[in-house]
Amino acid sequence: MLNPELWALLADSFWKILLPGLTMTIPLTAISFALAMVIAIAVALVQFANIRVLKQIARFYVWVVRGTPLLVQLFVVFYGLPNVGILIDPFPAAVLVFSLNEGAYCSETVRAALESVPPGQMEAGQCVGMSYLQVMRRIILPQALRIAFPSLSNSLIAMVKDTSLAANITVTEMFMVTQRIVARTYEPLALYIEVGVVYLIFCTVLTKVQRLVEKHMRVCA
């Protein structure tokens with residue numbers, strides 16, 4: 001059984017952990033994922049269009065980012081770039097790295113979704129006088145994003161948890177706040193379980209939203 005002092009500590013620390021979760025972890029996730037989607041769609045469209053030089057650049061980007069650890073990428077940008085005169089504050093550095101990292105993974109999801117759309121859709125659009133870009137924007141891409149939505153939603157949920165790595169470059173998100181409380185109170189088990197519960201709450205809410213959106217998409221289909 002937990003003693004009253006520990007219960008009091010958990011009750012007090014819960015709000016201290018939740019607040020940076022709402023003001024730092026969630027904004028970091030939202031901004032990074034929005035930028036990642038822009039990158040993912042651009043990279044996927046380049047590969048789908050099969051533009052030789054751009055496709056090779058896109059493949060190289062995906063290869064490098066997916067083949068190196070996220071933590072290493074964070075350290076290279078935040079601790080490594082200052083050696084060549086490039087200084088980036090912790091939050092922008094985290095946004096940059098998370099966006100590029102997630103963009104690489106999501107680009108493969110979008111690319112696969114684009115390739116799953118029947119080729120006849122492109123031919124049908126061009127037969128009614130649409131240009132290539134119009135067909136992509138009005139017909140192919142909307143269908144592909146609907147197909148990719150479940151996987152992209154899972155990537156968003158995973159990113160919420162991955163933002164805990166930003167504590168390693170001094171971003172004061174909720175995991176770093178928890179570490180500071182642990183250093184002061186010497187209660188690692190209870191406090192790390194508590195921050196895990198907060199992450200679980202965030203991910204559960206996103207999962208509920210994902211299911212509602214998927215249900216709405218099925219109704220509208």
# chains A, B, ... in the order shown; residues from 1 in each chain; ligands from 1
$ closest_atom_pairs --of "stretch 72-168 of chain A" --to "stretch 207-219 of chain A" --cutoff "10 Å" --atoms "only C-alpha atoms" --output "CSV"
residue,atom,partner,partner_atom,distance
A:Arg146,CA,A:Met217,CA,7.8
A:Phe149,CA,A:Glu214,CA,8.0
A:Pro150,CA,A:Gln210,CA,7.6
A:Leu152,CA,A:Gln210,CA,9.9
A:Ser153,CA,A:Gln210,CA,6.6
A:Asn154,CA,A:Thr207,CA,8.4
A:Leu156,CA,A:Thr207,CA,9.9
A:Ile157,CA,A:Thr207,CA,7.7
$ write_last_selection --atoms "C-alpha atoms" --output "PDB file, in the first residue's frame"
ATOM      1  CA  ARG A 146      -8.057   8.115 -46.861  1.00  0.00           C
ATOM      2  CA  PHE A 149      -5.207   7.552 -42.523  1.00  0.00           C
ATOM      3  CA  PRO A 150      -5.062   4.607 -40.055  1.00  0.00           C
ATOM      4  CA  LEU A 152      -0.711   7.957 -40.243  1.00  0.00           C
ATOM      5  CA  SER A 153      -2.836   8.111 -37.094  1.00  0.00           C
ATOM      6  CA  ASN A 154      -0.687   5.408 -35.536  1.00  0.00           C
ATOM      7  CA  LEU A 156       0.921  10.459 -34.660  1.00  0.00           C
ATOM      8  CA  ILE A 157       0.262   8.422 -31.526  1.00  0.00           C
TER       9      ILE A 157
END
$ closest_residue --among "A:Leu10, A:Ala166, A:Ala148, A:Val128" --to "A:Phe75" --atoms "only C-alpha atoms"
A:Ala166
$ closest_residue --among "A:Leu100, A:Val171, A:Leu22, A:Val197" --to "A:Ile39" --atoms "only C-alpha atoms"
A:Leu100
$ residues_around --residues "A:Tyr199" --least-positions-apart "4" --cutoff "7 Å" --atoms "only C-alpha atoms" --output "mmCIF file with C-alpha atoms, in the first residue's frame"
data_model
loop_
_atom_site.group_PDB
_atom_site.id
_atom_site.type_symbol
_atom_site.label_atom_id
_atom_site.label_comp_id
_atom_site.auth_asym_id
_atom_site.auth_seq_id
_atom_site.Cartn_x
_atom_site.Cartn_y
_atom_site.Cartn_z
ATOM 1 C CA LYS A 161 5.594 9.073 -26.920
ATOM 2 C CA VAL A 195 4.130 10.038 -16.253
ATOM 3 C CA CYS A 203 -2.684 8.380 -26.548
#
$ closest_residue --among "A:Phe14, A:Phe48, A:Tyr186, A:Tyr132" --to "A:Leu114" --atoms "only C-alpha atoms"
A:Phe48
